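Engineer: Take a look at input_8.txt, compact mmCIF, C-alpha atoms:
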# COMPACT_ATOMS: atom_id res chain seq x y z
CA MET A 16 -11.49 -86.68 -20.90
CA THR A 17 -10.46 -86.88 -24.56
CA GLY A 18 -14.12 -86.60 -25.55
CA ILE A 19 -14.44 -83.31 -23.67
CA LEU A 20 -11.42 -81.63 -25.28
CA PRO A 21 -12.92 -81.28 -28.81
CA PHE A 22 -16.07 -79.81 -27.25
CA VAL A 23 -14.05 -77.26 -25.26
CA TRP A 24 -12.04 -76.38 -28.38
CA LEU A 25 -15.27 -75.88 -30.34
CA ILE A 26 -16.63 -73.51 -27.67
CA LEU A 27 -13.37 -71.54 -27.71
CA MET A 28 -13.48 -71.26 -31.50
CA ILE A 29 -17.09 -70.03 -31.43
CA PHE A 30 -16.19 -67.47 -28.76
CA THR A 31 -13.18 -66.30 -30.80
CA ASP A 32 -15.23 -65.99 -33.99
CA GLN A 33 -17.92 -64.05 -32.15
CA SER A 34 -15.32 -61.72 -30.61
CA MET A 35 -13.78 -61.07 -34.02
CA HIS A 36 -17.20 -60.34 -35.45
CA ASP A 37 -18.20 -57.99 -32.64
CA PHE A 38 -14.90 -56.12 -32.67
CA SER A 39 -14.11 -56.23 -36.38
CA ALA A 40 -14.90 -52.51 -36.75
CA ILE A 41 -12.18 -51.38 -34.35
CA LEU A 42 -9.68 -53.87 -35.79
CA LYS A 43 -10.34 -52.40 -39.24
CA HIS A 44 -9.95 -48.91 -37.75
CA ILE A 45 -6.48 -49.55 -36.33
CA GLU A 46 -5.11 -51.90 -39.01
CA PRO A 47 -3.77 -49.07 -41.23
CA HIS A 48 -1.65 -47.87 -38.29
CA ILE A 49 -0.50 -51.05 -36.56
CA GLN A 50 0.51 -54.64 -37.31
CA LEU A 51 -0.86 -56.85 -34.55
CA SER A 52 0.60 -60.29 -34.01
CA GLU A 53 -1.90 -63.01 -33.20
CA GLU A 54 -0.79 -62.84 -29.58
CA ASP A 55 -1.22 -59.05 -29.47
CA LYS A 56 -4.60 -59.30 -31.15
CA ALA A 57 -5.79 -61.89 -28.63
CA LEU A 58 -4.66 -59.65 -25.76
CA PHE A 59 -6.33 -56.61 -27.30
CA LEU A 60 -9.66 -58.36 -27.98
CA SER A 61 -9.78 -59.93 -24.52
CA HIS A 62 -9.94 -56.46 -22.91
CA LEU A 63 -12.64 -54.95 -25.13
CA LYS A 64 -16.30 -54.74 -24.24
CA LEU A 65 -19.31 -54.07 -26.43
CA LYS A 66 -21.82 -51.56 -25.06
CA LYS A 67 -25.22 -50.62 -26.48
CA VAL A 68 -26.85 -47.35 -25.44
CA LYS A 69 -30.23 -45.82 -26.19
CA ARG A 70 -30.86 -42.34 -27.53
CA LYS A 71 -30.56 -39.73 -24.73
CA GLN A 72 -28.62 -42.17 -22.52
CA PHE A 73 -25.47 -40.82 -20.88
CA VAL A 74 -22.18 -42.65 -21.27
CA GLU A 75 -20.32 -40.25 -18.95
CA GLN A 76 -21.39 -37.44 -16.63
CA PRO A 77 -19.63 -34.63 -14.71
CA GLY A 78 -18.38 -35.58 -11.27
CA PHE A 79 -17.67 -39.20 -12.17
CA VAL A 80 -14.22 -40.36 -13.27
CA SER A 81 -14.02 -41.54 -16.89
CA LYS A 82 -13.10 -45.21 -16.79
CA TYR A 83 -13.22 -46.10 -20.48
CA ARG A 84 -12.04 -45.13 -23.94
CA THR A 85 -15.08 -45.09 -26.24
CA TYR A 86 -15.10 -45.95 -29.95
CA VAL A 87 -18.37 -45.57 -31.88
CA VAL A 88 -19.22 -48.60 -34.02
CA THR A 89 -22.61 -47.28 -35.08
CA GLY A 90 -24.71 -44.37 -33.86
CA ALA A 91 -24.08 -40.76 -32.91
CA LEU A 92 -23.00 -39.09 -29.65
CA ARG A 93 -21.99 -35.68 -28.39
CA ALA A 94 -19.84 -34.28 -25.57
CA TYR A 95 -21.04 -31.09 -23.90
CA PHE A 96 -20.97 -29.04 -20.73
CA ILE A 97 -23.45 -26.64 -19.17
CA GLY A 98 -22.00 -23.16 -18.71
CA ASN A 99 -22.67 -20.51 -16.11
CA ASP A 100 -25.29 -19.17 -18.50
CA SER A 101 -27.18 -22.51 -18.08
CA GLN A 102 -26.70 -23.14 -21.81
CA GLU A 103 -25.37 -26.38 -23.29
CA HIS A 104 -22.05 -25.98 -25.08
CA THR A 105 -21.19 -28.90 -27.37
CA ILE A 106 -17.47 -29.69 -27.46
CA SER A 107 -17.36 -32.65 -29.83
CA LEU A 108 -19.51 -34.93 -31.95
CA ALA A 109 -19.01 -38.52 -33.07
CA VAL A 110 -20.68 -40.87 -35.52
CA ASP A 111 -19.69 -44.29 -36.91
CA ASP A 112 -15.93 -44.96 -36.75
CA TRP A 113 -15.21 -41.98 -34.48
CA TRP A 114 -14.06 -41.66 -30.86
CA ILE A 115 -15.61 -39.65 -28.05
CA GLY A 116 -14.97 -39.07 -24.37
CA ASP A 117 -13.69 -36.73 -21.69
CA PRO A 118 -9.93 -37.03 -22.32
CA GLY A 119 -8.85 -35.01 -19.28
CA SER A 120 -10.86 -37.19 -16.95
CA PHE A 121 -9.64 -40.42 -18.54
CA LEU A 122 -5.96 -39.49 -18.75
CA PHE A 123 -5.67 -38.05 -15.25
CA GLN A 124 -8.39 -40.18 -13.62
CA GLU A 125 -10.11 -37.13 -12.18
CA PRO A 126 -13.83 -36.20 -12.14
CA ALA A 127 -15.25 -35.54 -15.59
CA THR A 128 -16.47 -32.12 -16.70
CA LEU A 129 -18.41 -33.29 -19.75
CA PHE A 130 -21.67 -35.07 -20.44
CA ILE A 131 -21.30 -37.78 -23.10
CA GLU A 132 -24.79 -38.37 -24.49
CA ALA A 133 -26.13 -40.64 -27.22
CA ILE A 134 -27.95 -38.74 -29.97
CA GLU A 135 -29.05 -42.02 -31.56
CA ASP A 136 -29.26 -45.60 -30.35
CA SER A 137 -25.58 -46.54 -30.55
CA THR A 138 -23.18 -49.46 -30.36
CA LEU A 139 -19.84 -48.72 -28.70
CA ILE A 140 -16.57 -50.54 -28.08
CA GLN A 141 -14.75 -49.65 -24.89
CA TRP A 142 -11.60 -50.52 -23.00
CA SER A 143 -10.70 -49.52 -19.46
CA TYR A 144 -7.97 -47.23 -18.16
CA GLU A 145 -6.18 -50.27 -16.73
CA SER A 146 -6.45 -52.10 -20.06
CA GLU A 147 -4.92 -49.16 -21.92
CA ALA A 148 -1.95 -49.18 -19.53
CA LEU A 149 -1.52 -52.88 -20.32
CA PHE A 150 -1.75 -52.25 -24.09
CA LEU A 151 0.90 -49.54 -23.84
CA GLU A 152 3.19 -51.92 -21.98
CA LYS A 153 2.58 -55.17 -23.86
CA ILE A 154 1.72 -54.20 -27.47
CA PRO A 155 4.84 -52.68 -29.08
CA GLN A 156 3.09 -50.47 -31.67
CA PHE A 157 0.19 -49.35 -29.51
CA PRO A 158 1.88 -46.13 -28.24
CA LEU A 159 2.31 -45.08 -31.89
CA VAL A 160 -1.40 -45.57 -32.56
CA MET A 161 -2.34 -43.42 -29.59
CA MET A 162 0.18 -40.74 -30.55
CA GLN A 163 -1.23 -40.55 -34.08
CA ARG A 164 -4.74 -40.32 -32.72
CA TRP A 165 -3.89 -37.44 -30.41
CA GLN A 166 -2.00 -35.66 -33.17
CA HIS A 167 -5.13 -35.89 -35.32
CA THR A 168 -7.25 -34.57 -32.45
CA ALA A 169 -4.84 -31.66 -31.87
CA VAL A 170 -5.04 -30.65 -35.54
CA MET A 171 -8.85 -30.76 -35.45
CA ILE A 172 -8.92 -28.57 -32.34
CA GLN A 173 -6.51 -26.11 -33.94
CA LYS A 174 -8.65 -25.84 -37.09
CA ARG A 175 -11.78 -25.32 -35.01
CA VAL A 176 -10.21 -22.54 -32.94
CA ILE A 177 -9.00 -20.76 -36.08
CA SER A 178 -12.45 -21.10 -37.67
CA ASN A 179 -14.17 -19.69 -34.58
CA LEU A 180 -11.80 -16.71 -34.47
CA SER A 181 -11.57 -15.90 -38.17
CA LEU A 182 -14.83 -16.91 -39.87
CA SER A 183 -18.32 -15.46 -39.74
CA ALA A 184 -21.20 -17.58 -38.47
CA GLU A 185 -22.31 -18.27 -42.04
CA GLU A 186 -18.79 -19.32 -43.05
CA ARG A 187 -18.42 -21.57 -40.01
CA TYR A 188 -21.64 -23.38 -40.91
CA GLU A 189 -20.63 -23.76 -44.57
CA GLU A 190 -17.24 -25.16 -43.56
CA PHE A 191 -18.86 -27.55 -41.07
CA ALA A 192 -21.43 -28.76 -43.62
CA SER A 193 -18.72 -29.31 -46.22
CA ARG A 194 -16.34 -31.10 -43.87
CA TYR A 195 -18.87 -33.22 -41.95
CA PRO A 196 -21.91 -33.96 -44.17
CA ALA A 197 -22.85 -36.97 -42.01
CA PHE A 198 -23.39 -34.67 -39.03
CA ILE A 199 -25.75 -32.45 -41.02
CA GLN A 200 -27.88 -35.49 -41.85
CA ARG A 201 -27.90 -37.09 -38.41
CA VAL A 202 -27.36 -34.48 -35.70
CA PRO A 203 -30.28 -32.28 -34.52
CA LEU A 204 -30.10 -28.61 -35.47
CA TYR A 205 -29.89 -27.36 -31.88
CA ILE A 206 -26.81 -29.51 -31.24
CA ILE A 207 -25.07 -28.30 -34.40
CA ALA A 208 -25.86 -24.72 -33.33
CA SER A 209 -24.38 -25.42 -29.90
CA TYR A 210 -21.23 -26.87 -31.50
CA LEU A 211 -20.84 -23.84 -33.78
CA GLY A 212 -21.39 -21.36 -30.95
CA MET A 213 -24.68 -19.83 -32.07
CA THR A 214 -28.37 -20.08 -31.24
CA ARG A 215 -30.66 -22.55 -32.94
CA GLU A 216 -32.76 -19.68 -34.27
CA PHE A 217 -29.76 -17.99 -35.86
CA LEU A 218 -28.55 -21.23 -37.46
CA SER A 219 -32.06 -21.91 -38.75
CA LYS A 220 -32.05 -18.44 -40.33
CA ILE A 221 -28.71 -19.16 -42.04
CA ARG A 222 -29.98 -22.46 -43.43
CA ASN A 223 -33.21 -20.90 -44.67
CA GLN A 224 -31.26 -18.16 -46.41
CA LYS A 225 -29.11 -20.76 -48.16
CA ILE A 226 -32.20 -22.70 -49.26
CA ASN A 227 -33.91 -19.56 -50.55
CA SER A 228 -30.73 -18.52 -52.36
CA LYS A 229 -30.56 -21.88 -54.17
CA ASN A 230 -34.22 -21.70 -55.09
CA THR A 231 -33.73 -18.20 -56.49
CA VAL A 232 -30.78 -19.33 -58.62
CA HIS A 233 -32.80 -22.22 -60.07
Would you write the structure of this file as structure tokens?
Structural biologist:
Amino acid sequence: MTGILPFVWLILMIFTDQSMHDFSAILKHIEPHIQLSEEDKALFLSHLKLKKVKRKQFVEQPGFVSKYRTYVVTGALRAYFIGNDSQEHTISLAVDDWWIGDPGSFLFQEPATLFIEAIEDSTLIQWSYESEALFLEKIPQFPLVMMQRWQHTAVMIQKRVISNLSLSAEERYEEFASRYPAFIQRVPLYIIASYLGMTREFLSKIRNQKINSKNTVH
């Protein structure tokens, strides 16, 4: 029996090290906002799951209840819906170290209205609705983390609404390119156009005008 115990301990240590390695990105993400005890960290890690998705694969779809929070370790995803005009309307985008999901569906456990689609092959970290309830109950600082996250999201939504109402199409693109350069490099043009509320052709025209303007200056 005593000979088995060191072996079991070794397996547990390997599992713990692997978990820390797999989930180090999200620990780094929340560390500035929360001090986790070793007990809290163990609880948190035990409820996380690593998910890999291929480009064009759906993480969530309308009609199905959102069961998980989704943090993007690496990759790129978008959230969109299809309007009555049969056009895709992109609501949000996410790349490395961002979050994405259908918050209404997750919070109220009702059928989703959004498609969550991978734009690139992506690695995600997720926890379930039930796990979040446990975190809120058992981890003292976790409610603060979630409150800060939703405050940040609310500010982003406010800025986007103001931009859509007050800026021209050209100004909206310039602001987007300045604020989110990673999206410009990694997200297809038609998705950026959908996010900015314009056609791909019109956005392409804006970009070409900017390129020609720079060439003229030089």
Engineer: Return the single residue from A:His44, A:Arg194, A:Lys64, A:Lys69 that is closest to Ile134 in chain A, with distances computed using all atoms listed in the file.
Structural biologist: A:Lys69
Engineer: Which residue, A:Val74, A:Met213, A:Leu182, A:Leu65, has the smallest gap to Trp142 in chain A when you use all atoms listed in the file?
Structural biologist: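 Nearest to Trp142 in chain A: A:Leu65.
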Engineer: Using only C-alpha atoms, can you tell me which of A:Phe217, A:Lys174, A:Ala184, A:Lys82 comes closest to Ser146 in chain A?
Structural biologist: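 Using only C-alpha atoms, Ser146 in chain A sits closest to A:Lys82.
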Engineer: Which one of A:Ser52, A:Gln200, A:Thr168, A:Ser120 sits closest to Lys153 in chain A if you count all atoms listed in the file?
Structural biologist: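 Closest to Lys153 in chain A, using all atoms listed in the file: A:Ser52.
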Engineer: Write out as a ChimeraX atom specification the residues lying within 10 Å of Leu204 in chain A, counting only C-alpha atoms and excluding same-chain residues fewer than 3 positions away.
Structural biologist: /A:198-201,207-210,214-216,218-219
Engineer: I'd like the neighbourhood of range 91-100 of chain A as a PyMOL selection string, where a residue qualifies if any of its atoms comes within 9 Å (using only C-alpha atoms), though same-chain residues fewer than 2 positions away should be ignored.
Structural biologist: chain A and resi 70+75+77+87+89+102-111+115-117+128-137+198+201-202+206+209-210
Engineer: In Å to one decimal, how far is CA of Ala148 in chain A from CA of Leu42 in chain A?
Structural biologist: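 Separation between CA of Leu42 in chain A and CA of Ala148 in chain A: 18.6 Å.
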Engineer: Name the residues, using the chain letters and numbers of the file, that sit within 12 Å of (-10.7, -57.3, -23.9) when counting all atoms listed in the file, and give them as a PyMOL selection string.
Structural biologist: chain A and resi 31+34-35+37-38+55-65+83+140-147+149-150
Engineer: In Å to one decimal, how far is CA of Arg84 in chain A from CA of Glu46 in chain A?
Structural biologist: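 Computing the Euclidean distance for CA of Glu46 in chain A and CA of Arg84 in chain A yields 17.9 Å.
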Engineer: Can you work out the spacing between CA of Gln224 in chain A and CA of Ile177 in chain A in Å, to one decimal?
Structural biologist: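 Going from CA of Gln224 in chain A over to CA of Ile177 in chain A covers 24.7 Å.
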Engineer: Give the answer as one residue: which of A:Thr138, A:Ser81, A:Glu152, A:Met162 has the shortest atom-to-atom distance to Phe123 in chain A, using all atoms listed in the file?
Structural biologist: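 Between A:Thr138, A:Ser81, A:Glu152, A:Met162, the residue approaching Phe123 in chain A most closely is A:Ser81.
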Engineer: Starting from the incomplete input, reconstruct N, CA and C atoms of range 160-172 of chain A and write that as a PDB file, keeping the file's coordinate frame.
Structural biologist:
ATOM      1  N   VAL A 160       0.005 -45.765 -32.192  1.00  0.00           N
ATOM      2  CA  VAL A 160      -1.400 -45.570 -32.560  1.00  0.00           C
ATOM      3  C   VAL A 160      -2.013 -44.437 -31.746  1.00  0.00           C
ATOM      4  N   MET A 161      -1.768 -44.443 -30.447  1.00  0.00           N
ATOM      5  CA  MET A 161      -2.340 -43.420 -29.590  1.00  0.00           C
ATOM      6  C   MET A 161      -1.746 -42.043 -29.904  1.00  0.00           C
ATOM      7  N   MET A 162      -0.448 -42.010 -30.204  1.00  0.00           N
ATOM      8  CA  MET A 162       0.180 -40.740 -30.550  1.00  0.00           C
ATOM      9  C   MET A 162      -0.428 -40.162 -31.827  1.00  0.00           C
ATOM     10  N   GLN A 163      -0.639 -41.009 -32.821  1.00  0.00           N
ATOM     11  CA  GLN A 163      -1.230 -40.550 -34.080  1.00  0.00           C
ATOM     12  C   GLN A 163      -2.649 -40.057 -33.862  1.00  0.00           C
ATOM     13  N   ARG A 164      -3.366 -40.740 -32.999  1.00  0.00           N
ATOM     14  CA  ARG A 164      -4.740 -40.320 -32.720  1.00  0.00           C
ATOM     15  C   ARG A 164      -4.768 -38.950 -32.062  1.00  0.00           C
ATOM     16  N   TRP A 165      -3.897 -38.729 -31.099  1.00  0.00           N
ATOM     17  CA  TRP A 165      -3.890 -37.440 -30.410  1.00  0.00           C
ATOM     18  C   TRP A 165      -3.354 -36.324 -31.292  1.00  0.00           C
ATOM     19  N   GLN A 166      -2.447 -36.651 -32.205  1.00  0.00           N
ATOM     20  CA  GLN A 166      -2.000 -35.660 -33.170  1.00  0.00           C
ATOM     21  C   GLN A 166      -3.166 -35.216 -34.062  1.00  0.00           C
ATOM     22  N   HIS A 167      -3.952 -36.187 -34.499  1.00  0.00           N
ATOM     23  CA  HIS A 167      -5.130 -35.890 -35.320  1.00  0.00           C
ATOM     24  C   HIS A 167      -6.110 -35.014 -34.551  1.00  0.00           C
ATOM     25  N   THR A 168      -6.329 -35.353 -33.284  1.00  0.00           N
ATOM     26  CA  THR A 168      -7.250 -34.570 -32.450  1.00  0.00           C
ATOM     27  C   THR A 168      -6.732 -33.145 -32.274  1.00  0.00           C
ATOM     28  N   ALA A 169      -5.430 -32.997 -32.060  1.00  0.00           N
ATOM     29  CA  ALA A 169      -4.840 -31.660 -31.870  1.00  0.00           C
ATOM     30  C   ALA A 169      -5.023 -30.800 -33.110  1.00  0.00           C
ATOM     31  N   VAL A 170      -4.855 -31.398 -34.286  1.00  0.00           N
ATOM     32  CA  VAL A 170      -5.040 -30.650 -35.540  1.00  0.00           C
ATOM     33  C   VAL A 170      -6.493 -30.211 -35.688  1.00  0.00           C
ATOM     34  N   MET A 171      -7.430 -31.108 -35.362  1.00  0.00           N
ATOM     35  CA  MET A 171      -8.850 -30.760 -35.450  1.00  0.00           C
ATOM     36  C   MET A 171      -9.198 -29.606 -34.515  1.00  0.00           C
ATOM     37  N   ILE A 172      -8.663 -29.641 -33.301  1.00  0.00           N
ATOM     38  CA  ILE A 172      -8.920 -28.570 -32.340  1.00  0.00           C
ATOM     39  C   ILE A 172      -8.345 -27.246 -32.850  1.00  0.00           C
TER      40      ILE A 172
END
